[in-house]
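> I have a structure here, written as structure tokens, and I will follow up with some questions on it.
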Amino acid sequence: RACRACLEACVQGLADHVLRAGGPGRLRVADLTGIRDVRVQRCPCGRALGRWGRTELLARTCCQLQAAPPAARRPIRVLADLFVTEGNFKVVVQALGPAGPAPLRVHCLSFRADSLGPSQLLHVLRLAGPGELRKLEVVHNVRLHAGHVQQLLAQVGFPQLASLTLPAKAFDAPPSSPLTPHGEDPFLASIAWELSQMTQLTELSVAFSTLTGKVQKLLGPLRTPLRVLDLANCSLNHADMAFLADCAHSTYLEVLDLSGHGLFRLFPSTFFRLLGRAAQTLRILTLEECSIEDSHMSMLILALSPCHELCELRFLGNPLSARALRRLFTALCELPKLRCVEFPVPKDCYPEGTAYPQDELAMSKFDQQKYDVIAEDLRAVLLRAGRGDIQVCTPLFGSFDPDIQETSNELGAFLLQAFKTALENFSRALEQM
């Protein structure tokens, strides 16, 4: 649990142990990984210490002990999941790269980065011990292009990496980057080769990157089958979907996100084939804003019917009526392991002619009373079938994200500064014109 009082006491106890002179039972390893962040913190203090806060607490403790190190002893290995932003970058760098003796040596098993520059990211990752890293998440406000990604993978190296998340537009070509004589992207080939050297890689998230016609080149060389794949809003075409439906990865997939693609309008047969091949392993499926309409309901039900391992289904942002949702919920009762469904606000609740996909303002303008009646009716469908174990909801603005919640103020300031810089650049361009 992420109980603030307990975790602060734990880290203080670790520091006290280091400072205590001599004595038997010397600690060698402290494992602070695997702490779960939840929406409601069920502990006496009722306050959580999120991943960013845990990172800063541990880093500051390491720095304090570096300032007054005890007698020379073998340092204690501290296993940690780090979350680094501009706000805690300096103290984390000092903790990871001490100038002298350090009684606590942090070994990073998973690393999340947000609101950092590319050079800062490279620097802190080199210090974090990339040879041991199992999970790397580079998200949101880290502005990477394909050149940065290639440099990161080639120069740092992650031999044990099992999970990789890259930010939006991470596969965009660098400014003024020329193509090869055959019109190929040299960075994509290099990135694919670097990924192929990661013999433990089973999870890949590259949402909001333009990968039209590039999926085979990116995923084809991988040596290990992927269990988790996020290709949301990647502008996939027929060739990409055909590769996904027939490749070796499809029969191992446990988590799949294809949001932002008109699956039934553009690739009905290949998507049907993909789900059929993934049915024996697929646990979580996300199809948000996929232009799924009432006319596609029969095909969706047929595609989902063999997915007996499915635990979670998310399909927010699709223009479906209450009638179509009732049909779908009746079919979902037949999936024995299904426990969570995130469904869209029925289009019956919006004004006539509402356009999809919706922006946040349009999304929030619906008839709440009508929605409540329909949602209750859908729950009744589940209860009549004896499936009260399935939790259903409509999180309009996304599911709970503890990392975003914890750093929202810092990220807001980062976005304001980025907007200010963009305005200044635009003003200078106007003056030159």
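Scheme for the structure tokens: letters A, B, ... for chains in order shown; per-chain residue numbers from 1; ligand numbers from 1 in order shown.
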Set the distance at 12 Å and use only C-alpha atoms: which residues neighbour Gly220 (chain A) once local chain neighbours fewer than 6 positions away are removed? I'd like the list as a ChimeraX atom specification.
/A:188-189,191-193,195-196,214,226,240,243-244,246-250
> From a backbone DSSP assignment, name each residue in region 45-186 of chain A labelled alpha helix (DSSP H), as number ranges by chain.
A: 51-67, 89-96, 118-127, 146-151, 186
> Can you pull out every residue within 9 Å of region 266-269 of chain A, counting only C-alpha atoms, but drop anything in the same chain fewer than 3 positions away, and send it as a list in words?
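Listing them by chain and then by number gives Asn237, His238, Met241, Ala242, His261, Gly262, Leu263, Phe272, Arg273, Leu274 and Met299 of chain A.
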> Next, write the just-selected residues to a file, as a PDB file, in the first residue's frame, keeping all heavy atoms as the atom set.

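Writing the result to again_37.pdb gives the following:
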```pdb
ATOM      1  N   ASN A 237      -2.975   1.448 -41.548  1.00  0.00           N
ATOM      2  CA  ASN A 237      -3.654   1.201 -42.826  1.00  0.00           C
ATOM      3  C   ASN A 237      -3.909  -0.296 -42.995  1.00  0.00           C
ATOM      4  O   ASN A 237      -3.674  -1.099 -42.084  1.00  0.00           O
ATOM      5  CB  ASN A 237      -2.857   1.788 -43.988  1.00  0.00           C
ATOM      6  CG  ASN A 237      -1.490   1.115 -44.173  1.00  0.00           C
ATOM      7  OD1 ASN A 237      -1.220   0.059 -43.588  1.00  0.00           O
ATOM      8  ND2 ASN A 237      -0.640   1.729 -44.976  1.00  0.00           N
ATOM      9  N   HIS A 238      -4.382  -0.682 -44.185  1.00  0.00           N
ATOM     10  CA  HIS A 238      -4.742  -2.090 -44.430  1.00  0.00           C
ATOM     11  C   HIS A 238      -3.538  -3.021 -44.265  1.00  0.00           C
ATOM     12  O   HIS A 238      -3.661  -4.119 -43.717  1.00  0.00           O
ATOM     13  CB  HIS A 238      -5.340  -2.233 -45.834  1.00  0.00           C
ATOM     14  CG  HIS A 238      -6.708  -1.641 -45.964  1.00  0.00           C
ATOM     15  ND1 HIS A 238      -7.861  -2.340 -45.674  1.00  0.00           N
ATOM     16  CD2 HIS A 238      -7.113  -0.400 -46.327  1.00  0.00           C
ATOM     17  CE1 HIS A 238      -8.916  -1.571 -45.859  1.00  0.00           C
ATOM     18  NE2 HIS A 238      -8.492  -0.384 -46.255  1.00  0.00           N
ATOM     19  N   MET A 241      -2.845  -3.597 -40.517  1.00  0.00           N
ATOM     20  CA  MET A 241      -3.815  -4.489 -39.880  1.00  0.00           C
ATOM     21  C   MET A 241      -3.658  -5.925 -40.369  1.00  0.00           C
ATOM     22  O   MET A 241      -3.809  -6.875 -39.592  1.00  0.00           O
ATOM     23  CB  MET A 241      -5.232  -3.993 -40.148  1.00  0.00           C
ATOM     24  CG  MET A 241      -5.633  -2.778 -39.328  1.00  0.00           C
ATOM     25  SD  MET A 241      -5.605  -3.074 -37.544  1.00  0.00           S
ATOM     26  CE  MET A 241      -6.842  -4.359 -37.394  1.00  0.00           C
ATOM     27  N   ALA A 242      -3.339  -6.091 -41.646  1.00  0.00           N
ATOM     28  CA  ALA A 242      -3.130  -7.441 -42.179  1.00  0.00           C
ATOM     29  C   ALA A 242      -1.935  -8.102 -41.501  1.00  0.00           C
ATOM     30  O   ALA A 242      -1.978  -9.299 -41.163  1.00  0.00           O
ATOM     31  CB  ALA A 242      -2.939  -7.378 -43.685  1.00  0.00           C
ATOM     32  N   HIS A 261      -9.118   4.020 -34.505  1.00  0.00           N
ATOM     33  CA  HIS A 261      -9.122   3.474 -35.865  1.00  0.00           C
ATOM     34  C   HIS A 261     -10.532   2.980 -36.217  1.00  0.00           C
ATOM     35  O   HIS A 261     -11.183   2.345 -35.392  1.00  0.00           O
ATOM     36  CB  HIS A 261      -8.132   2.311 -35.993  1.00  0.00           C
ATOM     37  CG  HIS A 261      -6.707   2.703 -35.728  1.00  0.00           C
ATOM     38  ND1 HIS A 261      -6.089   2.488 -34.520  1.00  0.00           N
ATOM     39  CD2 HIS A 261      -5.794   3.321 -36.526  1.00  0.00           C
ATOM     40  CE1 HIS A 261      -4.849   2.938 -34.588  1.00  0.00           C
ATOM     41  NE2 HIS A 261      -4.648   3.454 -35.779  1.00  0.00           N
ATOM     42  N   GLY A 262     -10.984   3.282 -37.419  1.00  0.00           N
ATOM     43  CA  GLY A 262     -12.301   2.830 -37.869  1.00  0.00           C
ATOM     44  C   GLY A 262     -12.270   1.361 -38.245  1.00  0.00           C
ATOM     45  O   GLY A 262     -12.339   1.005 -39.426  1.00  0.00           O
ATOM     46  N   LEU A 263     -12.196   0.509 -37.245  1.00  0.00           N
ATOM     47  CA  LEU A 263     -11.927  -0.914 -37.471  1.00  0.00           C
ATOM     48  C   LEU A 263     -12.984  -1.594 -38.330  1.00  0.00           C
ATOM     49  O   LEU A 263     -12.661  -2.338 -39.257  1.00  0.00           O
ATOM     50  CB  LEU A 263     -11.814  -1.628 -36.121  1.00  0.00           C
ATOM     51  CG  LEU A 263     -10.697  -1.105 -35.204  1.00  0.00           C
ATOM     52  CD1 LEU A 263     -10.806  -1.736 -33.825  1.00  0.00           C
ATOM     53  CD2 LEU A 263      -9.331  -1.395 -35.816  1.00  0.00           C
ATOM     54  N   PHE A 272     -11.532  -8.905 -37.497  1.00  0.00           N
ATOM     55  CA  PHE A 272     -12.204 -10.138 -37.079  1.00  0.00           C
ATOM     56  C   PHE A 272     -11.188 -11.281 -36.971  1.00  0.00           C
ATOM     57  O   PHE A 272     -11.187 -12.057 -36.017  1.00  0.00           O
ATOM     58  CB  PHE A 272     -13.294 -10.494 -38.084  1.00  0.00           C
ATOM     59  CG  PHE A 272     -14.172 -11.625 -37.665  1.00  0.00           C
ATOM     60  CD1 PHE A 272     -15.281 -11.414 -36.860  1.00  0.00           C
ATOM     61  CD2 PHE A 272     -13.890 -12.922 -38.064  1.00  0.00           C
ATOM     62  CE1 PHE A 272     -16.089 -12.468 -36.466  1.00  0.00           C
ATOM     63  CE2 PHE A 272     -14.677 -13.984 -37.679  1.00  0.00           C
ATOM     64  CZ  PHE A 272     -15.791 -13.755 -36.881  1.00  0.00           C
ATOM     65  N   ARG A 273     -10.280 -11.361 -37.945  1.00  0.00           N
ATOM     66  CA  ARG A 273      -9.256 -12.410 -37.938  1.00  0.00           C
ATOM     67  C   ARG A 273      -8.275 -12.208 -36.780  1.00  0.00           C
ATOM     68  O   ARG A 273      -7.844 -13.181 -36.131  1.00  0.00           O
ATOM     69  CB  ARG A 273      -8.509 -12.407 -39.276  1.00  0.00           C
ATOM     70  CG  ARG A 273      -7.622 -13.632 -39.485  1.00  0.00           C
ATOM     71  CD  ARG A 273      -7.260 -13.831 -40.933  1.00  0.00           C
ATOM     72  NE  ARG A 273      -6.281 -12.867 -41.418  1.00  0.00           N
ATOM     73  CZ  ARG A 273      -6.531 -11.900 -42.299  1.00  0.00           C
ATOM     74  NH1 ARG A 273      -7.760 -11.742 -42.767  1.00  0.00           N
ATOM     75  NH2 ARG A 273      -5.585 -11.080 -42.698  1.00  0.00           N
ATOM     76  N   LEU A 274      -7.924 -10.957 -36.500  1.00  0.00           N
ATOM     77  CA  LEU A 274      -7.001 -10.658 -35.402  1.00  0.00           C
ATOM     78  C   LEU A 274      -7.589 -11.104 -34.065  1.00  0.00           C
ATOM     79  O   LEU A 274      -6.911 -11.775 -33.274  1.00  0.00           O
ATOM     80  CB  LEU A 274      -6.702  -9.150 -35.377  1.00  0.00           C
ATOM     81  CG  LEU A 274      -5.923  -8.623 -34.166  1.00  0.00           C
ATOM     82  CD1 LEU A 274      -4.570  -9.305 -34.051  1.00  0.00           C
ATOM     83  CD2 LEU A 274      -5.746  -7.110 -34.257  1.00  0.00           C
ATOM     84  N   MET A 299     -21.331  -7.813 -35.908  1.00  0.00           N
ATOM     85  CA  MET A 299     -19.955  -8.226 -36.156  1.00  0.00           C
ATOM     86  C   MET A 299     -19.115  -8.125 -34.882  1.00  0.00           C
ATOM     87  O   MET A 299     -18.276  -9.003 -34.615  1.00  0.00           O
ATOM     88  CB  MET A 299     -19.335  -7.378 -37.271  1.00  0.00           C
ATOM     89  CG  MET A 299     -17.910  -7.789 -37.612  1.00  0.00           C
ATOM     90  SD  MET A 299     -17.261  -6.939 -39.065  1.00  0.00           S
ATOM     91  CE  MET A 299     -18.201  -7.764 -40.341  1.00  0.00           C
TER      92      MET A 299
END
```
> Taking 3 positions as the minimum chain separation for residues in the same chain, which residues sit within 8 Å of Thr251 (chain A) when counting only C-alpha atoms? Answer as a PyMOL selection string.
chain A and resi 248+277-281
> Quick one: write out the picked residues with C-alpha atoms as an mmCIF file, in the first residue's frame?

```cif
data_model
loop_
_atom_site.group_PDB
_atom_site.id
_atom_site.type_symbol
_atom_site.label_atom_id
_atom_site.label_comp_id
_atom_site.auth_asym_id
_atom_site.auth_seq_id
_atom_site.Cartn_x
_atom_site.Cartn_y
_atom_site.Cartn_z
ATOM 1 C CA ALA A 248 3.232 -14.395 -34.525
ATOM 2 C CA ARG A 277 -6.238 -15.486 -33.338
ATOM 3 C CA ALA A 278 -5.883 -13.579 -30.042
ATOM 4 C CA ALA A 279 -9.011 -15.082 -28.431
ATOM 5 C CA GLN A 280 -7.179 -17.721 -26.356
ATOM 6 C CA THR A 281 -4.967 -15.159 -24.563
#
```
> Assign secondary structure with DSSP using the backbone only, and return the residues of region 39-173 of chain A in strand (DSSP E) as a VMD selection string.
chain A and resid 76 to 84 104 to 113 135 to 138 163 to 165
> Keeping only C-alpha atoms, write the selected residues to a file as a short mmCIF file (atom, residue, chain, number, x, y, z; two decimals), in the first residue's frame.

```
data_model
loop_
_atom_site.label_atom_id
_atom_site.label_comp_id
_atom_site.auth_asym_id
_atom_site.auth_seq_id
_atom_site.Cartn_x
_atom_site.Cartn_y
_atom_site.Cartn_z
CA ILE A 76 22.74 -1.38 0.94
CA ARG A 77 21.08 -2.10 -2.40
CA VAL A 78 17.72 -0.32 -2.63
CA LEU A 79 15.42 -1.64 -5.36
CA ALA A 80 13.04 1.09 -6.51
CA ASP A 81 10.46 2.17 -9.11
CA LEU A 82 11.43 5.74 -10.05
CA PHE A 83 9.28 8.55 -11.46
CA VAL A 84 11.37 11.53 -12.58
CA LEU A 104 22.43 3.51 -0.07
CA ARG A 105 22.77 2.54 -3.74
CA VAL A 106 19.55 2.83 -5.71
CA HIS A 107 18.92 0.10 -8.31
CA CYS A 108 16.07 1.07 -10.62
CA LEU A 109 13.81 -1.73 -11.89
CA SER A 110 11.17 0.50 -13.49
CA PHE A 111 11.49 4.11 -14.64
CA ARG A 112 8.85 6.67 -15.63
CA ALA A 113 9.82 10.06 -17.12
CA LYS A 135 10.19 -1.26 -17.46
CA LEU A 136 10.63 2.15 -19.11
CA GLU A 137 7.79 4.66 -19.54
CA VAL A 138 8.57 7.91 -21.37
CA SER A 163 8.18 -3.16 -21.16
CA LEU A 164 8.65 0.04 -23.21
CA THR A 165 6.30 3.04 -23.50
#
```
> As an exercise, work out the distance from CA of Pro101 (chain A) to CA of Arg134 (chain A) in Å and give it to one decimal place.
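A separation of 26.5 Å between them.
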> Report as a short mmCIF file (atom, residue, chain, number, x, y, z; two decimals) with N, CA, C and O atoms, in the first residue's frame all protein, DNA and RNA residues lying within 12 Å of Lys90 (chain A), evaluated on only C-alpha atoms, omitting residues in the same chain fewer than 3 positions from it.

```cif
data_model
loop_
_atom_site.label_atom_id
_atom_site.label_comp_id
_atom_site.auth_asym_id
_atom_site.auth_seq_id
_atom_site.Cartn_x
_atom_site.Cartn_y
_atom_site.Cartn_z
N THR A 55 9.76 8.57 -5.01
CA THR A 55 11.06 8.78 -5.65
C THR A 55 11.79 9.93 -4.98
O THR A 55 12.99 9.83 -4.66
N GLU A 56 11.09 11.05 -4.75
CA GLU A 56 11.73 12.21 -4.13
C GLU A 56 12.16 11.89 -2.70
O GLU A 56 13.26 12.26 -2.27
N ALA A 59 15.24 9.71 -2.83
CA ALA A 59 16.39 10.46 -3.35
C ALA A 59 16.92 11.43 -2.30
O ALA A 59 18.14 11.55 -2.10
N ARG A 60 16.03 12.14 -1.60
CA ARG A 60 16.48 13.10 -0.58
C ARG A 60 17.15 12.37 0.59
O ARG A 60 18.14 12.85 1.15
N CYS A 63 20.63 11.49 -0.50
CA CYS A 63 21.51 12.67 -0.53
C CYS A 63 21.91 13.08 0.89
O CYS A 63 23.06 13.48 1.12
N VAL A 84 10.55 10.33 -12.54
CA VAL A 84 11.37 11.53 -12.58
C VAL A 84 10.75 12.57 -13.50
O VAL A 84 10.37 12.26 -14.64
N THR A 85 10.63 13.80 -12.99
CA THR A 85 10.18 14.94 -13.78
C THR A 85 11.16 16.08 -13.55
O THR A 85 12.13 15.95 -12.79
N GLU A 86 10.88 17.21 -14.17
CA GLU A 86 11.72 18.40 -13.95
C GLU A 86 11.78 18.75 -12.47
O GLU A 86 12.81 19.21 -11.96
N GLY A 87 10.67 18.52 -11.75
CA GLY A 87 10.58 18.91 -10.35
C GLY A 87 11.51 18.17 -9.41
O GLY A 87 11.89 18.70 -8.37
N VAL A 93 19.26 12.84 -9.72
CA VAL A 93 20.59 12.72 -10.32
C VAL A 93 21.66 12.65 -9.25
O VAL A 93 22.60 11.84 -9.33
N GLN A 94 21.53 13.48 -8.22
CA GLN A 94 22.52 13.46 -7.12
C GLN A 94 22.48 12.13 -6.38
O GLN A 94 23.52 11.59 -6.00
N ALA A 95 21.28 11.58 -6.19
CA ALA A 95 21.16 10.31 -5.48
C ALA A 95 21.72 9.15 -6.30
O ALA A 95 22.35 8.24 -5.75
N LEU A 96 21.50 9.18 -7.61
CA LEU A 96 21.94 8.08 -8.47
C LEU A 96 23.43 8.15 -8.78
O LEU A 96 24.07 7.12 -9.03
N GLY A 97 24.00 9.37 -8.80
CA GLY A 97 25.41 9.54 -9.14
C GLY A 97 26.17 10.25 -8.06
O GLY A 97 26.61 11.40 -8.26
N PRO A 98 26.36 9.64 -6.89
CA PRO A 98 27.03 10.32 -5.78
C PRO A 98 28.49 10.62 -6.11
O PRO A 98 29.16 9.86 -6.82
N LEU A 116 10.56 16.13 -19.09
CA LEU A 116 12.02 16.24 -19.15
C LEU A 116 12.43 16.53 -20.59
O LEU A 116 11.75 16.15 -21.54
N GLN A 120 18.19 15.55 -20.67
CA GLN A 120 17.98 15.18 -19.26
C GLN A 120 17.61 13.71 -19.15
O GLN A 120 18.10 12.99 -18.25
N LEU A 121 16.76 13.25 -20.04
CA LEU A 121 16.33 11.85 -20.03
C LEU A 121 17.52 10.92 -20.22
O LEU A 121 17.68 9.94 -19.47
N HIS A 123 20.66 11.51 -19.65
CA HIS A 123 21.58 11.62 -18.51
C HIS A 123 21.10 10.79 -17.32
O HIS A 123 21.85 9.99 -16.75
N VAL A 124 19.83 10.96 -16.95
CA VAL A 124 19.34 10.28 -15.76
C VAL A 124 19.21 8.77 -16.00
O VAL A 124 19.42 7.97 -15.07
#
```
> Could you please determine the separation between CA of Arg74 (chain A) and CA of His17 (chain A) in Å, to one decimal place?
13.2 Å
> Which neighbours of region 142-155 of chain A fall inside 6 Å, counting only C-alpha atoms, when residues of the same chain fewer than 5 positions from it are skipped, and could you give them as a tab-separated table (two decimals) with all heavy atoms, in the first residue's frame?

```
chain	number	residue	atom	x	y	z
A	114	ASP	N	8.59	12.13	-17.21
A	114	ASP	CA	7.64	13.10	-17.75
A	114	ASP	C	8.24	14.49	-17.60
A	114	ASP	O	9.03	14.74	-16.69
A	114	ASP	CB	6.31	13.00	-16.99
A	114	ASP	CG	5.14	13.60	-17.78
A	114	ASP	OD1	5.40	14.29	-18.77
A	114	ASP	OD2	3.99	13.37	-17.39
A	115	SER	N	7.86	15.39	-18.49
A	115	SER	CA	8.31	16.80	-18.50
A	115	SER	C	9.82	16.94	-18.32
A	115	SER	O	10.31	17.74	-17.53
A	115	SER	CB	7.56	17.62	-17.43
A	115	SER	OG	7.88	17.23	-16.12
A	116	LEU	N	10.56	16.13	-19.09
A	116	LEU	CA	12.02	16.24	-19.15
A	116	LEU	C	12.43	16.53	-20.59
A	116	LEU	O	11.75	16.15	-21.54
A	116	LEU	CB	12.69	14.95	-18.69
A	116	LEU	CG	12.60	14.54	-17.23
A	116	LEU	CD1	13.29	13.20	-17.02
A	116	LEU	CD2	13.20	15.61	-16.32
A	170	ALA	N	6.74	9.92	-31.21
A	170	ALA	CA	8.11	9.46	-31.00
A	170	ALA	C	8.75	8.91	-32.27
A	170	ALA	O	9.98	8.75	-32.32
A	170	ALA	CB	8.15	8.39	-29.90
A	171	PHE	N	7.95	8.60	-33.31
A	171	PHE	CA	8.50	8.06	-34.55
A	171	PHE	C	8.49	9.09	-35.67
A	171	PHE	O	8.78	8.76	-36.82
A	171	PHE	CB	7.73	6.80	-34.97
A	171	PHE	CG	8.00	5.63	-34.06
A	171	PHE	CD1	7.23	5.43	-32.94
A	171	PHE	CD2	9.04	4.75	-34.31
A	171	PHE	CE1	7.47	4.37	-32.08
A	171	PHE	CE2	9.30	3.69	-33.47
A	171	PHE	CZ	8.52	3.50	-32.34
A	172	ASP	N	8.17	10.34	-35.34
A	172	ASP	CA	8.26	11.41	-36.34
A	172	ASP	C	9.73	11.65	-36.68
A	172	ASP	O	10.60	11.60	-35.80
A	172	ASP	CB	7.65	12.70	-35.81
A	172	ASP	CG	6.13	12.66	-35.79
A	172	ASP	OD1	5.57	11.58	-36.08
A	172	ASP	OD2	5.52	13.69	-35.49
A	173	ALA	N	10.00	11.92	-37.94
A	173	ALA	CA	11.38	12.18	-38.37
A	173	ALA	C	11.87	13.48	-37.76
A	173	ALA	O	11.09	14.42	-37.55
A	173	ALA	CB	11.45	12.25	-39.88
A	174	PRO	N	13.17	13.57	-37.44
A	174	PRO	CA	13.72	14.84	-36.94
A	174	PRO	C	13.55	15.94	-37.99
A	174	PRO	O	13.43	15.66	-39.18
A	174	PRO	CB	15.20	14.52	-36.72
A	174	PRO	CG	15.27	13.03	-36.66
A	174	PRO	CD	14.17	12.51	-37.53
A	191	ILE	N	15.75	1.72	-35.16
A	191	ILE	CA	14.98	1.51	-33.94
A	191	ILE	C	14.48	0.06	-33.88
A	191	ILE	O	14.56	-0.60	-32.83
A	191	ILE	CB	13.79	2.49	-33.87
A	191	ILE	CG1	14.29	3.91	-33.66
A	191	ILE	CG2	12.82	2.10	-32.77
A	191	ILE	CD1	13.22	4.97	-33.84
```
> Give me the residues within 8 Å of region 381-385 of chain A as a list in words, counting only C-alpha atoms and dropping any in the same chain fewer than 6 places off.
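Result of the neighbour search: Arg326, Phe329, Thr330 and Cys333 of chain A.
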> Could you jot down the CA of Leu320 (chain A) to CA of Leu229 (chain A) separation for me, Å, one decimal place?
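So the two atoms, CA of Leu320 (chain A) and CA of Leu229 (chain A), lie 25.7 Å apart.
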